[in-house]
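Everything below belongs to coords26.csv, which stores CSV, C-alpha atoms.
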```
chain,number,residue,atom,x,y,z
A,1155,MET,CA,105.9,86.8,134.0
A,1156,SER,CA,108.4,89.3,132.7
A,1157,SER,CA,109.2,89.7,129.0
A,1158,SER,CA,112.5,88.4,127.6
A,1159,ILE,CA,112.6,91.2,125.0
A,1160,PRO,CA,111.0,94.7,124.9
A,1161,VAL,CA,107.3,94.6,124.4
A,1162,PRO,CA,106.4,96.2,121.0
A,1163,THR,CA,104.9,99.6,121.2
A,1164,PRO,CA,101.3,99.6,119.9
A,1165,ILE,CA,100.5,101.5,116.7
A,1166,LEU,CA,98.0,104.2,117.7
A,1167,VAL,CA,96.1,106.3,115.2
A,1168,ALA,CA,94.5,109.5,116.3
A,1169,THR,CA,90.7,109.9,116.1
A,1170,SER,CA,88.3,112.9,115.7
A,1171,ALA,CA,87.0,112.0,119.2
A,1172,GLY,CA,90.3,112.9,120.7
A,1173,ASN,CA,91.4,109.4,121.6
A,1174,ALA,CA,93.6,106.7,119.9
A,1175,PHE,CA,92.7,103.7,117.8
A,1176,PRO,CA,95.1,100.8,118.4
A,1177,VAL,CA,95.9,99.0,115.1
A,1178,ARG,CA,95.5,95.2,115.2
A,1179,ARG,CA,95.7,93.9,111.6
A,1180,VAL,CA,95.6,95.4,108.1
A,1181,PHE,CA,93.6,94.1,105.2
A,1182,CYS,CA,94.0,95.6,101.7
A,1183,ILE,CA,91.7,95.3,98.7
A,1184,GLY,CA,93.3,95.0,95.3
A,1185,ARG,CA,91.9,96.2,92.0
A,1186,ASN,CA,88.7,97.6,93.5
A,1187,TYR,CA,88.4,100.4,90.9
A,1188,ALA,CA,87.9,99.3,87.3
A,1189,ALA,CA,90.2,102.0,85.7
A,1190,HIS,CA,93.1,101.1,88.1
A,1191,ALA,CA,92.6,97.4,87.4
A,1192,ARG,CA,92.9,98.1,83.7
A,1193,GLU,CA,96.0,100.3,84.1
A,1194,MET,CA,97.6,97.3,86.0
A,1195,GLY,CA,96.8,95.0,83.0
A,1196,ALA,CA,93.8,93.3,84.5
A,1197,ASN,CA,90.3,92.9,83.2
A,1198,PRO,CA,87.7,93.9,85.9
A,1199,ASP,CA,84.9,92.3,84.0
A,1200,ARG,CA,86.5,88.9,84.4
A,1201,GLU,CA,88.6,89.2,87.6
A,1202,PRO,CA,86.9,90.4,90.8
A,1203,PRO,CA,88.8,92.3,93.5
A,1204,PHE,CA,90.6,90.4,96.2
A,1205,PHE,CA,92.3,91.1,99.5
A,1206,PHE,CA,95.8,90.6,101.0
A,1207,THR,CA,97.2,91.4,104.4
A,1208,ALA,CA,100.0,93.5,105.9
A,1209,TRP,CA,101.6,94.0,109.3
A,1210,ALA,CA,100.2,96.5,111.7
A,1211,GLU,CA,103.8,97.9,111.9
A,1212,THR,CA,103.5,99.2,108.3
A,1213,VAL,CA,101.0,101.8,109.5
A,1214,VAL,CA,102.3,105.4,110.0
A,1215,PRO,CA,99.8,107.3,112.1
A,1216,GLY,CA,99.3,110.8,110.8
A,1217,GLY,CA,101.6,110.6,107.9
A,1218,GLY,CA,104.6,113.0,107.9
A,1219,ARG,CA,108.0,111.7,106.7
A,1220,ILE,CA,108.2,108.2,105.4
A,1221,ALA,CA,111.4,106.5,104.1
A,1222,TYR,CA,111.9,105.5,100.5
A,1223,PRO,CA,112.5,101.8,101.0
A,1224,GLN,CA,115.5,99.7,100.0
A,1225,GLY,CA,115.2,97.2,97.2
A,1226,THR,CA,113.2,99.2,94.7
A,1227,ALA,CA,113.6,101.8,92.0
A,1228,ASP,CA,109.9,102.2,91.3
A,1229,TYR,CA,108.0,103.2,94.5
A,1230,HIS,CA,104.3,104.1,93.8
A,1231,HIS,CA,101.6,106.0,95.5
A,1232,GLU,CA,98.0,104.6,96.0
A,1233,ILE,CA,95.5,106.7,97.9
A,1234,GLU,CA,92.7,104.7,99.6
A,1235,LEU,CA,89.7,105.0,101.9
A,1236,VAL,CA,90.5,103.2,105.1
A,1237,VAL,CA,87.8,101.6,107.2
A,1238,ALA,CA,88.5,101.2,111.0
A,1239,ILE,CA,86.7,98.3,112.5
A,1240,GLY,CA,85.2,98.9,116.0
A,1241,GLU,CA,83.4,95.6,116.8
A,1242,SER,CA,83.9,91.9,116.2
A,1243,GLY,CA,82.1,90.3,113.3
A,1244,ARG,CA,82.2,87.0,111.4
A,1245,ASN,CA,80.0,86.2,108.4
A,1246,VAL,CA,78.7,89.8,108.6
A,1247,PRO,CA,75.6,90.4,106.3
A,1248,ILE,CA,76.0,93.2,103.9
A,1249,GLU,CA,73.1,95.1,105.4
A,1250,LYS,CA,74.7,95.0,108.9
A,1251,ALA,CA,78.3,95.7,107.8
A,1252,LEU,CA,78.4,99.3,108.8
A,1253,SER,CA,77.3,98.4,112.3
A,1254,ILE,CA,80.8,97.2,113.1
A,1255,VAL,CA,82.6,100.2,111.7
A,1256,HIS,CA,84.3,102.6,114.1
A,1257,GLY,CA,85.2,105.2,111.5
A,1258,TYR,CA,87.1,106.2,108.4
A,1259,ALA,CA,90.4,107.8,107.3
A,1260,VAL,CA,92.5,108.7,104.4
A,1261,GLY,CA,95.3,106.2,103.7
A,1262,LEU,CA,98.2,105.4,101.4
A,1263,ASP,CA,99.2,102.0,100.2
A,1264,MET,CA,102.7,102.5,99.0
A,1265,THR,CA,104.0,99.8,96.6
A,1266,ARG,CA,107.4,98.6,95.4
A,1267,ARG,CA,106.0,98.3,91.8
A,1268,ASP,CA,109.0,96.8,90.2
A,1269,LEU,CA,109.0,94.0,92.8
A,1270,GLN,CA,105.3,93.5,92.5
A,1271,ALA,CA,105.7,93.1,88.7
A,1272,GLU,CA,108.4,90.5,89.3
A,1273,ALA,CA,106.2,88.6,91.7
A,1274,LYS,CA,103.2,88.7,89.3
A,1275,SER,CA,105.3,87.3,86.4
A,1276,ALA,CA,106.6,84.5,88.6
A,1277,GLY,CA,103.1,83.7,90.1
A,1278,ARG,CA,104.4,84.5,93.6
A,1279,PRO,CA,102.8,86.5,96.6
A,1280,TRP,CA,103.2,90.3,96.7
A,1281,ASP,CA,104.5,90.5,100.3
A,1282,VAL,CA,107.9,92.0,99.4
A,1283,ALA,CA,106.1,94.7,97.3
A,1284,LYS,CA,103.2,95.6,99.7
A,1285,ASN,CA,104.2,94.6,103.2
A,1286,VAL,CA,106.8,97.3,103.5
A,1287,GLU,CA,108.0,99.3,106.5
A,1288,GLN,CA,106.2,102.8,106.7
A,1289,SER,CA,104.2,101.9,103.5
A,1290,LYS,CA,100.7,102.5,105.1
A,1291,PRO,CA,100.3,106.1,106.3
A,1292,VAL,CA,96.9,106.7,107.8
A,1293,GLY,CA,95.3,110.1,108.6
A,1294,LYS,CA,93.1,110.9,111.5
A,1295,ILE,CA,90.1,108.6,111.8
A,1296,ARG,CA,86.7,110.2,111.7
A,1297,SER,CA,84.8,108.4,114.5
A,1298,GLY,CA,81.1,107.9,114.7
A,1299,PRO,CA,78.3,108.4,112.2
A,1300,GLY,CA,78.0,111.2,109.6
A,1301,PHE,CA,80.4,110.0,106.9
A,1302,ASP,CA,79.0,108.3,103.7
A,1303,PRO,CA,81.6,105.8,102.3
A,1304,SER,CA,79.5,105.2,99.2
A,1305,ALA,CA,80.3,108.5,97.4
A,1306,GLY,CA,82.8,111.4,97.5
A,1307,SER,CA,85.9,112.6,95.7
A,1308,ILE,CA,89.2,110.9,96.3
A,1309,VAL,CA,92.3,112.9,95.1
A,1310,LEU,CA,96.1,112.6,95.4
A,1311,SER,CA,98.6,115.2,94.3
A,1312,VAL,CA,102.4,115.1,94.2
A,1313,ASN,CA,104.3,118.4,94.6
A,1314,GLY,CA,101.0,120.2,93.9
A,1315,GLU,CA,100.2,118.3,90.7
A,1316,GLU,CA,97.1,116.1,90.7
A,1317,LYS,CA,97.9,112.5,89.9
A,1318,GLN,CA,94.9,110.5,91.1
A,1319,ARG,CA,91.2,111.5,91.1
A,1320,GLY,CA,88.2,109.3,91.5
A,1321,ASP,CA,85.0,108.8,93.5
A,1322,LEU,CA,84.2,106.4,96.3
A,1323,GLY,CA,81.2,105.4,94.2
A,1324,ASP,CA,83.5,104.0,91.6
A,1325,MET,CA,84.4,101.0,93.8
A,1326,ILE,CA,83.6,97.6,92.3
A,1327,TRP,CA,83.0,96.2,95.8
A,1328,SER,CA,81.4,98.8,98.1
A,1329,VAL,CA,82.6,99.2,101.7
A,1330,THR,CA,79.7,97.0,102.9
A,1331,GLU,CA,80.6,94.3,100.4
A,1332,VAL,CA,84.3,94.5,101.4
A,1333,ILE,CA,83.5,94.0,105.1
A,1334,ALA,CA,81.1,91.2,104.4
A,1335,HIS,CA,83.6,89.4,102.1
A,1336,ILE,CA,86.6,89.6,104.5
A,1337,SER,CA,84.4,88.5,107.4
A,1338,ASN,CA,83.6,85.2,105.5
A,1339,PHE,CA,87.3,84.3,105.9
A,1340,TYR,CA,88.4,86.0,109.2
A,1341,ARG,CA,86.6,87.2,112.3
A,1342,LEU,CA,87.0,91.0,112.0
A,1343,GLU,CA,88.1,92.5,115.3
A,1344,PRO,CA,88.3,95.9,116.9
A,1345,GLY,CA,91.5,97.5,115.8
A,1346,ASP,CA,91.5,96.1,112.2
A,1347,LEU,CA,92.0,98.4,109.3
A,1348,ILE,CA,90.7,97.8,105.8
A,1349,PHE,CA,92.3,99.7,102.8
A,1350,THR,CA,89.6,99.6,100.2
A,1351,GLY,CA,91.5,100.1,96.9
A,1352,THR,CA,92.8,102.9,94.8
A,1353,PRO,CA,91.6,104.8,91.7
A,1354,SER,CA,93.7,105.0,88.5
A,1355,GLY,CA,96.7,107.3,88.1
A,1356,VAL,CA,99.2,105.6,90.4
A,1357,GLY,CA,102.8,106.4,89.7
A,1358,PRO,CA,106.3,106.7,91.1
A,1359,VAL,CA,107.6,109.1,93.8
A,1360,GLY,CA,111.1,110.0,94.8
A,1361,VAL,CA,113.0,111.4,97.8
A,1362,GLY,CA,111.8,114.9,98.5
A,1363,ASP,CA,108.3,114.5,97.0
A,1364,ARG,CA,105.3,115.8,99.0
A,1365,LEU,CA,102.0,113.9,98.7
A,1366,VAL,CA,98.7,115.4,99.7
A,1367,CYS,CA,95.8,112.9,99.9
A,1368,GLU,CA,92.2,114.1,100.2
A,1369,ILE,CA,88.9,112.3,100.5
A,1370,GLU,CA,85.7,114.4,100.7
A,1371,GLY,CA,84.5,114.6,104.3
A,1372,LEU,CA,87.8,113.4,105.9
A,1373,GLU,CA,90.9,115.1,107.3
A,1374,ALA,CA,93.6,115.3,104.6
A,1375,LEU,CA,96.8,113.2,104.9
A,1376,THR,CA,100.2,114.7,103.9
A,1377,VAL,CA,103.3,112.6,103.4
A,1378,SER,CA,106.9,113.5,102.5
A,1379,ILE,CA,109.3,111.0,101.0
A,1380,ALA,CA,112.6,110.9,103.0
A,1381,PRO,CA,115.8,108.9,102.4
A,1382,MET,CA,116.1,105.5,104.1
A,1383,GLU,CA,117.8,105.8,107.4
A,1384,PRO,CA,120.8,103.6,108.1
```

Using structure tokens, write down the structure that the file contains.
Amino acid sequence: MSSSIPVPTPILVATSAGNAFPVRRVFCIGRNYAAHAREMGANPDREPPFFFTAWAETVVPGGGRIAYPQGTADYHHEIELVVAIGESGRNVPIEKALSIVHGYAVGLDMTRRDLQAEAKSAGRPWDVAKNVEQSKPVGKIRSGPGFDPSAGSIVLSVNGEEKQRGDLGDMIWSVTEVIAHISNFYRLEPGDLIFTGTPSGVGPVGVGDRLVCEIEGLEALTVSIAPMEP
């Protein structure tokens, strides 16, 4: 049967193995670093992390130029470790969580912070703040074994000035715990990406800014903020 409309082009992220990783779904962990939770006005001792979802179409493979979105005057950067899922898994035990991982990458979860604040105050979902076109740049995925997601520096700079610095070991929920938790609600499938949270220091960017995102052991991700196209 032919399609009545053009079939969407799959989102393909390059890997260190020289092939492409097709993105299926995106899961994002919120408030997974205690210092960031506090800077957002939350109490990590009382409120555990949580997750939300985003469209695959928000992913920008390799970074580069991304548009400053409409509807906001306060667009924030959030550097994150991204986990690429390579095998199916439901109710995955923590001790087996890494067995379904394909690889890891540096990512950005860009946020319309003013709209997020409005949603929070009204007790509404964050979709308009987080599920934004071109808001999830992802660097090259490091495939296979050899990367330790439990420790390593995570750093973001804007125009050469360091803004965020932390360590993967500062996560409240580890990568294995994140995978196990999400798999209790959804069957994780090959092609899923998990953004694992951001350290403190998030802040606004503007058109013309250049962001460099680095996680120890992974290929860096560079992004430039461009005007919104008509």

Skipping near chain neighbours, those fewer than 6 positions away, what residues fall within 10 Å of stretch 1313-1323 of chain A using all atoms listed in the file, listed as a ChimeraX atom specification? /A:1187,1189,1231-1235,1302-1307,1329,1350-1357,1359,1362-1370,1378

Surrounding residues of stretch 1282-1286 of chain A excluding itself and chain neighbours under 5 positions, 10 Å, all atoms listed in the file, as a short mmCIF file (atom, residue, chain, number, x, y, z; two decimals) with C-alpha atoms, in the coordinates of the input:
```
data_model
loop_
_atom_site.label_atom_id
_atom_site.label_comp_id
_atom_site.auth_asym_id
_atom_site.auth_seq_id
_atom_site.Cartn_x
_atom_site.Cartn_y
_atom_site.Cartn_z
CA VAL A 1180 95.60 95.40 108.10
CA CYS A 1182 94.00 95.60 101.70
CA PHE A 1206 95.80 90.60 101.00
CA THR A 1207 97.20 91.40 104.40
CA ALA A 1208 100.00 93.50 105.90
CA TRP A 1209 101.60 94.00 109.30
CA ALA A 1210 100.20 96.50 111.70
CA GLU A 1211 103.80 97.90 111.90
CA THR A 1212 103.50 99.20 108.30
CA VAL A 1213 101.00 101.80 109.50
CA PRO A 1223 112.50 101.80 101.00
CA GLN A 1224 115.50 99.70 100.00
CA GLY A 1225 115.20 97.20 97.20
CA THR A 1226 113.20 99.20 94.70
CA TYR A 1229 108.00 103.20 94.50
CA ASP A 1263 99.20 102.00 100.20
CA MET A 1264 102.70 102.50 99.00
CA THR A 1265 104.00 99.80 96.60
CA ARG A 1266 107.40 98.60 95.40
CA ARG A 1267 106.00 98.30 91.80
CA ASP A 1268 109.00 96.80 90.20
CA LEU A 1269 109.00 94.00 92.80
CA GLN A 1270 105.30 93.50 92.50
CA ALA A 1271 105.70 93.10 88.70
CA GLU A 1272 108.40 90.50 89.30
CA ALA A 1273 106.20 88.60 91.70
#
```

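You will find atom CA of A:Ser1328 at 20.9 Å from atom CA of A:Lys1290.
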
> Which residues, written as an MDAnalysis selection string, have at least one atom at most 12 Å from A:Gly1240, with all atoms listed in the file counted and residues fewer than 3 positions away on the same chain left out?
Replying inline: chainID A and resid 1175:1178 1237 1243 1251:1258 1295 1297:1298 1342:1348

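Taking atom CA of A:Asp1324 as the reference point, atom CA of A:Pro1299 is found at 21.7 Å.
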
Write out as a Markdown table the residues of stretch 1296-1381 of chain A that have any atom within 12 Å of an atom of stretch 1244-1248 of chain A, one row each with the nearest atom pair and its distance in Å to one decimal, counting all atoms listed in the file, sorted by chain and then rising number.
```
| residue | atom | partner | partner_atom | distance |
| --- | --- | --- | --- | --- |
| A:Trp1327 | CA | A:Ile1248 | CA | 11.1 |
| A:Ser1328 | CA | A:Ile1248 | CA | 9.7 |
| A:Val1329 | CA | A:Ile1248 | CA | 9.2 |
| A:Thr1330 | CA | A:Ile1248 | CA | 5.4 |
| A:Glu1331 | CA | A:Ile1248 | CA | 5.9 |
| A:Val1332 | CA | A:Ile1248 | CA | 8.8 |
| A:Ile1333 | CA | A:Val1246 | CA | 7.3 |
| A:Ala1334 | CA | A:Val1246 | CA | 5.0 |
| A:His1335 | CA | A:Asn1245 | CA | 7.9 |
| A:Ile1336 | CA | A:Asn1245 | CA | 8.4 |
| A:Ser1337 | CA | A:Arg1244 | CA | 4.8 |
| A:Asn1338 | CA | A:Asn1245 | CA | 4.7 |
| A:Phe1339 | CA | A:Asn1245 | CA | 7.9 |
| A:Tyr1340 | CA | A:Arg1244 | CA | 6.7 |
| A:Arg1341 | CA | A:Arg1244 | CA | 4.5 |
| A:Leu1342 | CA | A:Arg1244 | CA | 6.3 |
| A:Glu1343 | CA | A:Arg1244 | CA | 9.0 |
```

Atom pair atom CA of A:Phe1205 + atom CA of A:Arg1192, distance 17.3 Å

From the set A:Val1309, A:Arg1219, A:Lys1274, A:Arg1296, which residue has the shortest atom-to-atom contact distance to A:Pro1381, counting all atoms listed in the file?
->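 Closest to A:Pro1381 of all the choices is A:Arg1219.
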
Smallest atom-to-atom distance to A:Asp1228: which of A:Gly1293, A:Gly1360, A:Pro1203, A:Pro1162, using all atoms listed in the file?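 Answer, going by the shortest atom-to-atom distance: A:Gly1360.
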
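Candidate residues A:Ile1165, A:Val1214, A:Arg1185, A:Phe1349 were compared for distance to A:Glu1201, and the nearest is A:Arg1185, using all atoms listed in the file.
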